Structures are given as C-alpha cells and as structure tokens.
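S.K.: If it helps, the file is called structure13.pdb and holds PDB, C-alpha atoms, pLDDT in the B column:
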```pdb
ATOM      1  CA  MET A  13       0.544  -2.072 -21.265  1.00 97.00           C
ATOM      2  CA  LYS A  14      -3.034  -1.625 -20.102  1.00 98.00           C
ATOM      3  CA  LYS A  15      -3.370  -0.989 -16.370  1.00 98.00           C
ATOM      4  CA  GLN A  16      -6.466  -1.138 -14.228  1.00 98.00           C
ATOM      5  CA  LEU A  17      -6.330  -0.438 -10.507  1.00 98.00           C
ATOM      6  CA  THR A  18      -9.331  -0.595  -8.210  1.00 98.00           C
ATOM      7  CA  ILE A  19      -9.227   0.141  -4.484  1.00 98.00           C
ATOM      8  CA  THR A  20     -12.692  -0.571  -3.186  1.00 98.00           C
ATOM      9  CA  THR A  21     -14.856  -1.118  -0.140  1.00 98.00           C
ATOM     10  CA  GLU A  22     -17.109  -3.363  -2.247  1.00 98.00           C
ATOM     11  CA  PRO A  23     -16.722  -7.173  -2.415  1.00 98.00           C
ATOM     12  CA  ILE A  24     -14.488  -8.405  -5.243  1.00 98.00           C
ATOM     13  CA  ASP A  25     -16.753  -9.659  -8.038  1.00 97.00           C
ATOM     14  CA  GLU A  26     -14.671 -12.403  -9.651  1.00 96.00           C
ATOM     15  CA  ALA A  27     -17.324 -13.267 -12.238  1.00 97.00           C
ATOM     16  CA  ALA A  28     -17.465  -9.678 -13.464  1.00 97.00           C
ATOM     17  CA  LEU A  29     -13.674  -9.478 -13.591  1.00 98.00           C
ATOM     18  CA  LEU A  30     -13.412 -12.706 -15.575  1.00 97.00           C
ATOM     19  CA  SER A  31     -16.097 -11.626 -18.024  1.00 97.00           C
ATOM     20  CA  GLY A  32     -14.193  -8.373 -18.566  1.00 96.00           C
ATOM     21  CA  ARG A  33     -10.987 -10.144 -19.546  1.00 97.00           C
ATOM     22  CA  LEU A  34      -9.397  -8.998 -22.805  1.00 96.00           C
ATOM     23  CA  VAL A  35      -6.655 -11.097 -24.395  1.00 98.00           C
ATOM     24  CA  SER A  36      -5.235 -10.314 -27.845  1.00 98.00           C
ATOM     25  CA  ASP A  37      -4.098 -12.985 -30.360  1.00 97.00           C
ATOM     26  CA  GLY A  38      -0.411 -12.691 -29.453  1.00 96.00           C
ATOM     27  CA  MET A  39      -0.941 -13.482 -25.784  1.00 98.00           C
ATOM     28  CA  GLY A  40      -0.510 -17.045 -24.526  1.00 98.00           C
ATOM     29  CA  ALA A  41      -0.709 -16.675 -20.751  1.00 98.00           C
ATOM     30  CA  VAL A  42      -3.187 -15.321 -18.245  1.00 98.00           C
ATOM     31  CA  VAL A  43      -2.170 -15.627 -14.605  1.00 98.00           C
ATOM     32  CA  TYR A  44      -4.463 -14.491 -11.869  1.00 97.00           C
ATOM     33  CA  PHE A  45      -4.164 -14.600  -8.111  1.00 98.00           C
ATOM     34  CA  LEU A  46      -6.790 -14.347  -5.416  1.00 98.00           C
ATOM     35  CA  GLY A  47      -5.749 -13.425  -1.890  1.00 98.00           C
ATOM     36  CA  VAL A  48      -8.240 -14.606   0.739  1.00 98.00           C
ATOM     37  CA  VAL A  49      -8.542 -13.656   4.416  1.00 98.00           C
ATOM     38  CA  ARG A  50      -7.424 -16.550   6.634  1.00 97.00           C
ATOM     39  CA  GLY A  51      -9.306 -17.518   9.771  1.00 97.00           C
ATOM     40  CA  THR A  52      -6.262 -17.094  12.005  1.00 97.00           C
ATOM     41  CA  GLU A  53      -3.786 -14.302  12.597  1.00 93.00           C
ATOM     42  CA  GLU A  54      -0.709 -15.039  14.721  1.00 90.00           C
ATOM     43  CA  ASN A  55      -2.372 -18.294  15.893  1.00 94.00           C
ATOM     44  CA  GLN A  56      -5.509 -16.475  17.064  1.00 95.00           C
ATOM     45  CA  ALA A  57      -8.936 -17.074  15.512  1.00 97.00           C
ATOM     46  CA  ILE A  58     -10.307 -13.985  13.806  1.00 98.00           C
ATOM     47  CA  SER A  59     -13.593 -13.093  12.114  1.00 98.00           C
ATOM     48  CA  ALA A  60     -12.299 -10.492   9.663  1.00 98.00           C
ATOM     49  CA  ILE A  61      -9.510  -8.127   8.729  1.00 98.00           C
ATOM     50  CA  GLU A  62      -9.976  -4.400   8.443  1.00 98.00           C
ATOM     51  CA  TYR A  63      -7.810  -2.865   5.722  1.00 98.00           C
ATOM     52  CA  GLU A  64      -6.741   0.769   5.871  1.00 98.00           C
ATOM     53  CA  ALA A  65      -5.189   2.571   2.913  1.00 98.00           C
ATOM     54  CA  PHE A  66      -3.444   5.887   2.301  1.00 98.00           C
ATOM     55  CA  GLN A  67      -5.402   6.116  -0.925  1.00 97.00           C
ATOM     56  CA  ARG A  68      -3.478   8.766  -2.896  1.00 98.00           C
ATOM     57  CA  MET A  69      -0.154   7.152  -2.120  1.00 98.00           C
ATOM     58  CA  VAL A  70      -1.519   3.662  -2.825  1.00 98.00           C
ATOM     59  CA  GLU A  71      -2.497   4.749  -6.333  1.00 98.00           C
ATOM     60  CA  HIS A  72       0.847   6.460  -6.910  1.00 98.00           C
ATOM     61  CA  GLN A  73       2.926   3.535  -5.644  1.00 98.00           C
ATOM     62  CA  PHE A  74       0.944   0.985  -7.668  1.00 98.00           C
ATOM     63  CA  ASN A  75       1.441   3.104 -10.787  1.00 98.00           C
ATOM     64  CA  LEU A  76       5.198   3.191 -10.130  1.00 98.00           C
ATOM     65  CA  LEU A  77       5.165  -0.609  -9.817  1.00 98.00           C
ATOM     66  CA  PHE A  78       3.155  -0.980 -13.037  1.00 98.00           C
ATOM     67  CA  ASP A  79       5.716   1.230 -14.816  1.00 98.00           C
ATOM     68  CA  GLN A  80       8.538  -1.019 -13.569  1.00 98.00           C
ATOM     69  CA  MET A  81       6.629  -4.147 -14.654  1.00 98.00           C
ATOM     70  CA  GLU A  82       6.220  -2.734 -18.128  1.00 97.00           C
ATOM     71  CA  LYS A  83       9.974  -2.200 -18.414  1.00 98.00           C
ATOM     72  CA  ARG A  84      10.840  -5.710 -17.179  1.00 98.00           C
ATOM     73  CA  TRP A  85       8.304  -7.921 -18.961  1.00 98.00           C
ATOM     74  CA  PRO A  86       6.315  -7.803 -22.249  1.00 98.00           C
ATOM     75  CA  ILE A  87       2.980  -7.636 -20.480  1.00 98.00           C
ATOM     76  CA  GLU A  88      -0.196  -6.775 -22.351  1.00 98.00           C
ATOM     77  CA  SER A  89      -2.293  -5.905 -19.322  1.00 98.00           C
ATOM     78  CA  VAL A  90      -2.434  -5.905 -15.551  1.00 98.00           C
ATOM     79  CA  ARG A  91      -5.574  -5.589 -13.467  1.00 98.00           C
ATOM     80  CA  LEU A  92      -5.483  -5.340  -9.689  1.00 98.00           C
ATOM     81  CA  VAL A  93      -8.277  -5.003  -7.169  1.00 98.00           C
ATOM     82  CA  HIS A  94      -7.582  -4.490  -3.444  1.00 98.00           C
ATOM     83  CA  ARG A  95     -10.266  -4.307  -0.793  1.00 98.00           C
ATOM     84  CA  VAL A  96     -10.281  -1.717   1.953  1.00 98.00           C
ATOM     85  CA  GLY A  97     -12.541  -1.725   4.994  1.00 98.00           C
ATOM     86  CA  VAL A  98     -13.729  -4.892   6.689  1.00 98.00           C
ATOM     87  CA  VAL A  99     -13.174  -8.182   4.821  1.00 98.00           C
ATOM     88  CA  LYS A 100     -14.554 -11.320   6.476  1.00 98.00           C
ATOM     89  CA  VAL A 101     -12.711 -14.633   6.745  1.00 98.00           C
ATOM     90  CA  ASN A 102     -12.813 -16.626   3.471  1.00 98.00           C
ATOM     91  CA  GLN A 103     -13.558 -13.487   1.478  1.00 98.00           C
ATOM     92  CA  PRO A 104     -11.048 -12.192  -1.095  1.00 98.00           C
ATOM     93  CA  SER A 105      -9.025  -9.106  -0.261  1.00 98.00           C
ATOM     94  CA  LEU A 106      -6.839  -9.055  -3.375  1.00 98.00           C
ATOM     95  CA  TRP A 107      -7.293  -9.994  -7.028  1.00 98.00           C
ATOM     96  CA  VAL A 108      -4.454  -9.641  -9.543  1.00 98.00           C
ATOM     97  CA  GLU A 109      -4.379 -10.610 -13.220  1.00 98.00           C
ATOM     98  CA  VAL A 110      -1.432 -10.439 -15.625  1.00 98.00           C
ATOM     99  CA  VAL A 111      -1.724 -11.141 -19.369  1.00 98.00           C
ATOM    100  CA  ALA A 112       1.532 -11.844 -21.224  1.00 98.00           C
ATOM    101  CA  PRO A 113       2.823 -13.784 -24.252  1.00 98.00           C
ATOM    102  CA  HIS A 114       4.222 -16.674 -22.158  1.00 98.00           C
ATOM    103  CA  ARG A 115       3.587 -18.233 -18.749  1.00 98.00           C
ATOM    104  CA  GLY A 116       7.098 -17.589 -17.395  1.00 98.00           C
ATOM    105  CA  GLU A 117       6.819 -13.840 -17.613  1.00 97.00           C
ATOM    106  CA  ALA A 118       3.177 -13.834 -16.515  1.00 98.00           C
ATOM    107  CA  PHE A 119       3.941 -15.839 -13.344  1.00 98.00           C
ATOM    108  CA  ALA A 120       7.107 -13.860 -12.623  1.00 98.00           C
ATOM    109  CA  ALA A 121       5.447 -10.478 -13.076  1.00 98.00           C
ATOM    110  CA  CYS A 122       2.422 -11.419 -10.963  1.00 98.00           C
ATOM    111  CA  GLN A 123       4.598 -12.708  -8.125  1.00 98.00           C
ATOM    112  CA  TRP A 124       6.899  -9.683  -8.315  1.00 98.00           C
ATOM    113  CA  LEU A 125       3.966  -7.261  -8.240  1.00 98.00           C
ATOM    114  CA  ILE A 126       2.484  -8.861  -5.109  1.00 98.00           C
ATOM    115  CA  ASP A 127       5.879  -9.019  -3.372  1.00 98.00           C
ATOM    116  CA  GLU A 128       6.550  -5.350  -4.141  1.00 98.00           C
ATOM    117  CA  MET A 129       3.034  -4.367  -3.083  1.00 98.00           C
ATOM    118  CA  LYS A 130       3.723  -5.902   0.321  1.00 97.00           C
ATOM    119  CA  ARG A 131       6.910  -3.836   0.544  1.00 97.00           C
ATOM    120  CA  VAL A 132       5.867  -0.357  -0.608  1.00 98.00           C
ATOM    121  CA  VAL A 133       2.115   0.105  -1.046  1.00 98.00           C
ATOM    122  CA  PRO A 134       0.686   1.805   2.076  1.00 98.00           C
ATOM    123  CA  ILE A 135      -2.092  -0.551   3.081  1.00 98.00           C
ATOM    124  CA  TRP A 136      -2.369  -1.917   6.608  1.00 98.00           C
ATOM    125  CA  LYS A 137      -4.498  -4.557   8.226  1.00 96.00           C
ATOM    126  CA  LYS A 138      -6.040  -4.947  11.640  1.00 97.00           C
ATOM    127  CA  ALA A 139      -7.471  -8.294  12.717  1.00 96.00           C
ATOM    128  CA  ARG A 140     -10.961  -8.404  14.201  1.00 96.00           C
ATOM    129  CA  PRO A 141     -11.627 -11.123  16.794  1.00 95.00           C
TER     130      PRO A 141
ATOM    131  CA  MET B 143       7.490  26.884   8.187  1.00 96.00           C
ATOM    132  CA  HIS B 144       4.421  24.820   8.901  1.00 96.00           C
ATOM    133  CA  ILE B 145       4.293  21.108   8.214  1.00 97.00           C
ATOM    134  CA  VAL B 146       1.242  18.860   8.486  1.00 97.00           C
ATOM    135  CA  VAL B 147       2.007  15.365   9.765  1.00 98.00           C
ATOM    136  CA  HIS B 148      -0.347  12.433   9.144  1.00 98.00           C
ATOM    137  CA  PHE B 149      -0.312   9.156  11.054  1.00 98.00           C
ATOM    138  CA  TYR B 150      -1.581   5.833   9.711  1.00 98.00           C
ATOM    139  CA  SER B 151      -2.406   2.400  11.061  1.00 98.00           C
ATOM    140  CA  TYR B 152      -1.526   1.842  14.733  1.00 97.00           C
ATOM    141  CA  PHE B 153       0.539   5.026  14.762  1.00 98.00           C
ATOM    142  CA  LYS B 154      -2.838   6.757  15.195  1.00 98.00           C
ATOM    143  CA  ASP B 155      -3.300   4.767  18.407  1.00 97.00           C
ATOM    144  CA  LEU B 156       0.233   5.566  19.595  1.00 97.00           C
ATOM    145  CA  THR B 157      -0.255   9.315  19.060  1.00 97.00           C
ATOM    146  CA  GLY B 158      -3.971   9.519  19.811  1.00 97.00           C
ATOM    147  CA  CYS B 159      -4.591  11.451  16.591  1.00 98.00           C
ATOM    148  CA  ALA B 160      -4.647  11.105  12.802  1.00 98.00           C
ATOM    149  CA  GLU B 161      -2.686  14.283  12.186  1.00 98.00           C
ATOM    150  CA  THR B 162      -0.831  17.131  13.821  1.00 98.00           C
ATOM    151  CA  THR B 163       1.134  20.193  12.779  1.00 97.00           C
ATOM    152  CA  ALA B 164       4.703  21.233  13.437  1.00 97.00           C
ATOM    153  CA  THR B 165       6.511  24.537  13.076  1.00 97.00           C
ATOM    154  CA  LEU B 166      10.142  24.290  12.028  1.00 97.00           C
ATOM    155  CA  PRO B 167      12.877  26.682  10.874  1.00 97.00           C
ATOM    156  CA  ALA B 168      13.420  26.936   7.112  1.00 96.00           C
ATOM    157  CA  GLY B 169      15.844  24.299   5.854  1.00 97.00           C
ATOM    158  CA  SER B 170      14.799  21.716   8.443  1.00 98.00           C
ATOM    159  CA  LYS B 171      15.017  18.047   7.552  1.00 98.00           C
ATOM    160  CA  ILE B 172      12.672  15.180   8.300  1.00 98.00           C
ATOM    161  CA  ASP B 173      15.056  14.186  11.071  1.00 97.00           C
ATOM    162  CA  ASP B 174      14.503  17.597  12.720  1.00 98.00           C
ATOM    163  CA  LEU B 175      10.752  17.070  12.491  1.00 98.00           C
ATOM    164  CA  LEU B 176      11.048  13.638  14.144  1.00 97.00           C
ATOM    165  CA  LYS B 177      13.155  15.109  16.954  1.00 97.00           C
ATOM    166  CA  GLN B 178      10.516  17.765  17.555  1.00 97.00           C
ATOM    167  CA  LEU B 179       7.735  15.164  17.627  1.00 97.00           C
ATOM    168  CA  ALA B 180       9.635  12.754  19.935  1.00 97.00           C
ATOM    169  CA  PRO B 181       8.810  14.408  23.307  1.00 97.00           C
ATOM    170  CA  ARG B 182       5.208  14.954  22.214  1.00 96.00           C
ATOM    171  CA  TYR B 183       4.757  11.320  21.156  1.00 97.00           C
ATOM    172  CA  PRO B 184       7.271   9.117  23.033  1.00 96.00           C
ATOM    173  CA  GLU B 185       5.544   5.896  21.935  1.00 96.00           C
ATOM    174  CA  LEU B 186       5.986   6.939  18.322  1.00 96.00           C
ATOM    175  CA  ASP B 187       9.644   7.742  18.959  1.00 94.00           C
ATOM    176  CA  ALA B 188      10.110   4.196  20.266  1.00 95.00           C
ATOM    177  CA  MET B 189       9.075   2.913  16.818  1.00 96.00           C
ATOM    178  CA  LYS B 190      11.493   5.091  14.870  1.00 92.00           C
ATOM    179  CA  ARG B 191      13.630   2.233  13.541  1.00 94.00           C
ATOM    180  CA  SER B 192      10.688   0.734  11.662  1.00 96.00           C
ATOM    181  CA  THR B 193       8.885   3.974  10.800  1.00 98.00           C
ATOM    182  CA  LEU B 194       8.286   4.616   7.105  1.00 98.00           C
ATOM    183  CA  ILE B 195       8.216   8.237   5.977  1.00 98.00           C
ATOM    184  CA  ALA B 196       6.514   9.833   2.992  1.00 98.00           C
ATOM    185  CA  VAL B 197       6.338  13.417   1.805  1.00 98.00           C
ATOM    186  CA  GLY B 198       3.230  13.758  -0.297  1.00 98.00           C
ATOM    187  CA  VAL B 199       3.010  10.363  -2.006  1.00 98.00           C
ATOM    188  CA  GLU B 200       6.750   9.618  -2.242  1.00 98.00           C
ATOM    189  CA  TYR B 201       8.957   7.813   0.257  1.00 98.00           C
ATOM    190  CA  GLN B 202      11.737  10.016   1.607  1.00 98.00           C
ATOM    191  CA  ALA B 203      14.805   9.530   3.794  1.00 98.00           C
ATOM    192  CA  ARG B 204      15.423  11.353   7.068  1.00 97.00           C
ATOM    193  CA  ASP B 205      17.842  13.798   5.425  1.00 98.00           C
ATOM    194  CA  TYR B 206      15.144  15.143   3.076  1.00 98.00           C
ATOM    195  CA  VAL B 207      14.864  18.939   3.380  1.00 98.00           C
ATOM    196  CA  LEU B 208      11.273  19.981   4.045  1.00 98.00           C
ATOM    197  CA  HIS B 209       9.455  22.887   2.414  1.00 97.00           C
ATOM    198  CA  GLU B 210       6.614  25.093   3.618  1.00 96.00           C
ATOM    199  CA  GLY B 211       3.234  23.424   3.310  1.00 92.00           C
ATOM    200  CA  GLU B 212       4.515  19.907   2.635  1.00 96.00           C
ATOM    201  CA  GLU B 213       2.621  17.010   4.150  1.00 98.00           C
ATOM    202  CA  VAL B 214       4.579  14.296   5.903  1.00 98.00           C
ATOM    203  CA  SER B 215       3.109  10.866   6.602  1.00 98.00           C
ATOM    204  CA  LEU B 216       4.504   8.507   9.235  1.00 98.00           C
ATOM    205  CA  PHE B 217       3.457   4.888   9.312  1.00 98.00           C
ATOM    206  CA  PRO B 218       4.548   1.357  10.244  1.00 98.00           C
ATOM    207  CA  PRO B 219       5.629  -1.289   7.691  1.00 98.00           C
ATOM    208  CA  VAL B 220       2.892  -1.908   5.128  1.00 98.00           C
ATOM    209  CA  GLN B 221       0.774  -5.070   5.075  1.00 95.00           C
ATOM    210  CA  GLY B 222      -1.289  -5.189   1.903  1.00 93.00           C
ATOM    211  CA  GLY B 223      -2.674  -8.369   0.390  1.00 92.00           C
TER     212      GLY B 223
END
```
When written as structure tokens, how does the structure in this file appear?

M.R.:
Amino acid sequence: MKKQLTITTEPIDEAALLSGRLVSDGMGAVVYFLGVVRGTEENQAISAIEYEAFQRMVEHQFNLLFDQMEKRWPIESVRLVHRVGVVKVNQPSLWVEVVAPHRGEAFAACQWLIDEMKRVVPIWKKARP
Amino acid sequence: MHIVVHFYSYFKDLTGCAETTATLPAGSKIDDLLKQLAPRYPELDAMKRSTLIAVGVEYQARDYVLHEGEEVSLFPPVQGG
C-alpha cells in the first residue's frame, strides 16, 4: 500500500492533489473526503480554527493507522493532508483519499481512518472569534 | 532520574509552560510522576481523568515504568479533522 502523509501550514491544494492521483487498472474505487472549518463552534460564531500538532507523534500514530488499514482492507494507496496553524472558516483542514478495488472497502477504510485519527492522533484545535 | 515533561493544547495554559522537568527515583512509574506534578500544577491534576499520556511517541498507561531521559507528554483528548 502506498502511503502519503502531509502535515502542513500551507493551504490544501485540491487541484494539485487530484492531478497527482495514481490509480492502477485493478482499482475500481477512489474515495476522498474534505474536512472544512465550520463558521460556528459550540454555537458561537468563529473566524478560524488554529490547529496544534505534536508533529513527531502525529506522524508515528498515522503510520500505525496506515499499517492497520493495510491489514484490514486491500487498499492500493492512501493520501492524507492535515493543516496545522490557522485555518479560516470555509477553508479545508483535512483531505483524505483512499484507492481500493471496490467502493465498500474504500468508504469503510476512509471512514475508519478519520474516526481513528480523531481518537489517537495528537492534533488539537482552538477556535478564534 | 530526570524526566522531561511536555504539555500540549490548553494544558500549556493550565500549567503556564510548554515543558518542565521532574526528578524521580529509579523505577518510578508515570503515576508517581503525576503525583509529583499535582501540587505544582493543581489545575492539571483536576484534569487527570481525561489526560492522555505518551512516552516518546507512544501512548502509555499510568503503570508504565519510566527510564532516565525519557520524555513524557501530557495532553487533553485529541481533536484532529
């Protein structure tokens, strides 16, 4: 399974990510997810979210999750980009892509990865008014 | 032994710092470290039920036996995405 992890302070460039997509002949499903900063947090209007990461541990924990994904599903590739620093409302903070032979495993793996990320990957957010 | 302790997210606000050091007897566990930090950082101690603990880049339980030079990180539940 090919794995690509990017933790960045730069805006997520969806066009560049899409143009870099590689899908071999045996693959029939590409699922990708874009997480976007909402304009409210706990019913309060906000202008942005500031993301903080424990970078070394983030990389390690994502790699552990990728290893588990590879054991559970026949995935060809996973690419994940997570922003750190200040991300304004309506801007993407997370981009995840999973390429697999069939949609069932692609959807399941993508959902599982995001759920597990929210459980174990040390990234925190702080709303900015 | 000397242990470096890092704080993340709002734990930095609760402690007023991003890191500190602790000196503990050999064979001490994470739980011993937390007990030593409690009077120094009472607001952190109040969060102990939800505190996540890592040694290096791995999560560890409170009965983990610490070793000289290890780095412990204390932080609240994660919120990526």

S.K.: Determine which residues of chain B sit within 10 Å of chain A, taking into account only C-alpha atoms, and present them as a list in words.

M.R.: His148, Phe149, Tyr150, Ser151, Tyr152, Leu194, Ala196, Val197, Gly198, Val199, Glu200, Tyr201, Ser215, Phe217, Pro218, Pro219, Val220, Gln221, Gly222 and Gly223 of chain B

S.K.: Do you have the CA of Val207 (chain B)-CA of Val147 (chain B) distance handy?

M.R.: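 Separation between CA of Val207 (chain B) and CA of Val147 (chain B): 14.8 Å.
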
S.K.: Go ahead and compute the interatomic distance for CA of Phe153 (chain B) and CA of Leu216 (chain B), in Å to one decimal.

M.R.: 7.6 Å

S.K.: Report the distance between CA of Thr20 (chain A) and CA of Ala60 (chain A) in Å, rounded to one decimal place.

M.R.: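 Rounded to one decimal, the two atoms are 16.2 Å apart.
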
S.K.: Nearest to Arg115 (chain A): which of A:Ile24, A:Leu34, A:Ile87, A:Leu17 is it, counting only C-alpha atoms?

M.R.: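 Of the candidates, the smallest distance to Arg115 (chain A) is held by A:Ile87.
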
S.K.: So which residues get picked by the PyMOL selection byres ((chain B and resi 181-190) around 7) here, written as number ranges by chain?

M.R.: B: 153, 156-157, 178-180, 191-193

S.K.: Supply region 153-186 of chain B as a PDB file, in the frame of the given file, with N, CA and C atoms built in where the input has gaps.

M.R.:
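Dumped everything to out18.pdb:
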```pdb
ATOM      1  N   PHE B 153      -0.097   3.773  14.336  1.00 98.00           N
ATOM      2  CA  PHE B 153       0.539   5.026  14.762  1.00 98.00           C
ATOM      3  C   PHE B 153      -0.525   6.029  15.218  1.00 98.00           C
ATOM      4  N   LYS B 154      -1.738   5.891  14.712  1.00 98.00           N
ATOM      5  CA  LYS B 154      -2.838   6.757  15.195  1.00 98.00           C
ATOM      6  C   LYS B 154      -3.148   6.435  16.655  1.00 98.00           C
ATOM      7  N   ASP B 155      -3.050   5.152  17.006  1.00 97.00           N
ATOM      8  CA  ASP B 155      -3.300   4.767  18.407  1.00 97.00           C
ATOM      9  C   ASP B 155      -2.152   5.253  19.295  1.00 97.00           C
ATOM     10  N   LEU B 156      -0.922   5.156  18.789  1.00 97.00           N
ATOM     11  CA  LEU B 156       0.233   5.566  19.595  1.00 97.00           C
ATOM     12  C   LEU B 156       0.214   7.074  19.877  1.00 97.00           C
ATOM     13  N   THR B 157      -0.269   7.850  18.908  1.00 97.00           N
ATOM     14  CA  THR B 157      -0.255   9.315  19.060  1.00 97.00           C
ATOM     15  C   THR B 157      -1.590   9.859  19.554  1.00 97.00           C
ATOM     16  N   GLY B 158      -2.640   9.051  19.408  1.00 97.00           N
ATOM     17  CA  GLY B 158      -3.971   9.519  19.811  1.00 97.00           C
ATOM     18  C   GLY B 158      -4.591  10.470  18.807  1.00 97.00           C
ATOM     19  N   CYS B 159      -4.024  10.551  17.605  1.00 98.00           N
ATOM     20  CA  CYS B 159      -4.591  11.451  16.591  1.00 98.00           C
ATOM     21  C   CYS B 159      -4.209  10.961  15.188  1.00 98.00           C
ATOM     22  N   ALA B 160      -4.946  11.462  14.196  1.00 98.00           N
ATOM     23  CA  ALA B 160      -4.647  11.105  12.802  1.00 98.00           C
ATOM     24  C   ALA B 160      -3.695  12.103  12.166  1.00 98.00           C
ATOM     25  N   GLU B 161      -3.635  13.302  12.723  1.00 98.00           N
ATOM     26  CA  GLU B 161      -2.686  14.283  12.186  1.00 98.00           C
ATOM     27  C   GLU B 161      -2.355  15.340  13.212  1.00 98.00           C
ATOM     28  N   THR B 162      -1.250  16.020  12.976  1.00 98.00           N
ATOM     29  CA  THR B 162      -0.831  17.131  13.821  1.00 98.00           C
ATOM     30  C   THR B 162      -0.070  18.122  12.944  1.00 98.00           C
ATOM     31  N   THR B 163       0.331  19.229  13.530  1.00 97.00           N
ATOM     32  CA  THR B 163       1.134  20.193  12.779  1.00 97.00           C
ATOM     33  C   THR B 163       2.423  20.452  13.545  1.00 97.00           C
ATOM     34  N   ALA B 164       3.428  20.882  12.814  1.00 97.00           N
ATOM     35  CA  ALA B 164       4.703  21.233  13.437  1.00 97.00           C
ATOM     36  C   ALA B 164       5.217  22.510  12.795  1.00 97.00           C
ATOM     37  N   THR B 165       5.882  23.315  13.591  1.00 97.00           N
ATOM     38  CA  THR B 165       6.511  24.537  13.076  1.00 97.00           C
ATOM     39  C   THR B 165       8.020  24.375  13.201  1.00 97.00           C
ATOM     40  N   LEU B 166       8.699  24.541  12.079  1.00 97.00           N
ATOM     41  CA  LEU B 166      10.142  24.290  12.028  1.00 97.00           C
ATOM     42  C   LEU B 166      10.845  25.442  11.318  1.00 97.00           C
ATOM     43  N   PRO B 167      12.115  25.674  11.617  1.00 97.00           N
ATOM     44  CA  PRO B 167      12.877  26.682  10.874  1.00 97.00           C
ATOM     45  C   PRO B 167      13.064  26.256   9.417  1.00 97.00           C
ATOM     46  N   ALA B 168      13.163  27.235   8.519  1.00 96.00           N
ATOM     47  CA  ALA B 168      13.420  26.936   7.112  1.00 96.00           C
ATOM     48  C   ALA B 168      14.683  26.089   6.994  1.00 96.00           C
ATOM     49  N   GLY B 169      14.676  25.158   6.068  1.00 97.00           N
ATOM     50  CA  GLY B 169      15.844  24.299   5.854  1.00 97.00           C
ATOM     51  C   GLY B 169      15.860  23.059   6.734  1.00 97.00           C
ATOM     52  N   SER B 170      14.840  22.897   7.560  1.00 98.00           N
ATOM     53  CA  SER B 170      14.799  21.716   8.443  1.00 98.00           C
ATOM     54  C   SER B 170      14.608  20.435   7.640  1.00 98.00           C
ATOM     55  N   LYS B 171      15.133  19.361   8.193  1.00 98.00           N
ATOM     56  CA  LYS B 171      15.017  18.047   7.552  1.00 98.00           C
ATOM     57  C   LYS B 171      13.959  17.210   8.275  1.00 98.00           C
ATOM     58  N   ILE B 172      13.625  16.092   7.657  1.00 98.00           N
ATOM     59  CA  ILE B 172      12.672  15.180   8.300  1.00 98.00           C
ATOM     60  C   ILE B 172      13.192  14.778   9.680  1.00 98.00           C
ATOM     61  N   ASP B 173      14.481  14.567   9.782  1.00 97.00           N
ATOM     62  CA  ASP B 173      15.056  14.186  11.071  1.00 97.00           C
ATOM     63  C   ASP B 173      14.771  15.242  12.153  1.00 97.00           C
ATOM     64  N   ASP B 174      14.810  16.523  11.769  1.00 98.00           N
ATOM     65  CA  ASP B 174      14.503  17.597  12.720  1.00 98.00           C
ATOM     66  C   ASP B 174      13.037  17.521  13.151  1.00 98.00           C
ATOM     67  N   LEU B 175      12.183  17.220  12.178  1.00 98.00           N
ATOM     68  CA  LEU B 175      10.752  17.070  12.491  1.00 98.00           C
ATOM     69  C   LEU B 175      10.552  15.935  13.495  1.00 98.00           C
ATOM     70  N   LEU B 176      11.211  14.790  13.253  1.00 97.00           N
ATOM     71  CA  LEU B 176      11.048  13.638  14.144  1.00 97.00           C
ATOM     72  C   LEU B 176      11.551  13.963  15.556  1.00 97.00           C
ATOM     73  N   LYS B 177      12.633  14.726  15.639  1.00 97.00           N
ATOM     74  CA  LYS B 177      13.155  15.109  16.954  1.00 97.00           C
ATOM     75  C   LYS B 177      12.174  16.022  17.681  1.00 97.00           C
ATOM     76  N   GLN B 178      11.502  16.887  16.923  1.00 97.00           N
ATOM     77  CA  GLN B 178      10.516  17.765  17.555  1.00 97.00           C
ATOM     78  C   GLN B 178       9.291  16.979  18.033  1.00 97.00           C
ATOM     79  N   LEU B 179       8.923  15.951  17.264  1.00 97.00           N
ATOM     80  CA  LEU B 179       7.735  15.164  17.627  1.00 97.00           C
ATOM     81  C   LEU B 179       8.022  14.197  18.784  1.00 97.00           C
ATOM     82  N   ALA B 180       9.284  13.818  18.974  1.00 97.00           N
ATOM     83  CA  ALA B 180       9.635  12.754  19.935  1.00 97.00           C
ATOM     84  C   ALA B 180       9.112  13.017  21.356  1.00 97.00           C
ATOM     85  N   PRO B 181       9.325  14.212  21.944  1.00 97.00           N
ATOM     86  CA  PRO B 181       8.810  14.408  23.307  1.00 97.00           C
ATOM     87  C   PRO B 181       7.281  14.466  23.374  1.00 97.00           C
ATOM     88  N   ARG B 182       6.672  14.881  22.256  1.00 96.00           N
ATOM     89  CA  ARG B 182       5.208  14.954  22.214  1.00 96.00           C
ATOM     90  C   ARG B 182       4.602  13.557  22.118  1.00 96.00           C
ATOM     91  N   TYR B 183       5.279  12.674  21.384  1.00 97.00           N
ATOM     92  CA  TYR B 183       4.757  11.320  21.156  1.00 97.00           C
ATOM     93  C   TYR B 183       5.850  10.288  21.452  1.00 97.00           C
ATOM     94  N   PRO B 184       6.166  10.046  22.711  1.00 96.00           N
ATOM     95  CA  PRO B 184       7.271   9.117  23.033  1.00 96.00           C
ATOM     96  C   PRO B 184       7.047   7.703  22.507  1.00 96.00           C
ATOM     97  N   GLU B 185       5.798   7.257  22.438  1.00 96.00           N
ATOM     98  CA  GLU B 185       5.544   5.896  21.935  1.00 96.00           C
ATOM     99  C   GLU B 185       5.837   5.802  20.436  1.00 96.00           C
ATOM    100  N   LEU B 186       5.641   6.895  19.742  1.00 96.00           N
ATOM    101  CA  LEU B 186       5.986   6.939  18.322  1.00 96.00           C
ATOM    102  C   LEU B 186       7.509   6.926  18.156  1.00 96.00           C
TER     103      LEU B 186
END
```
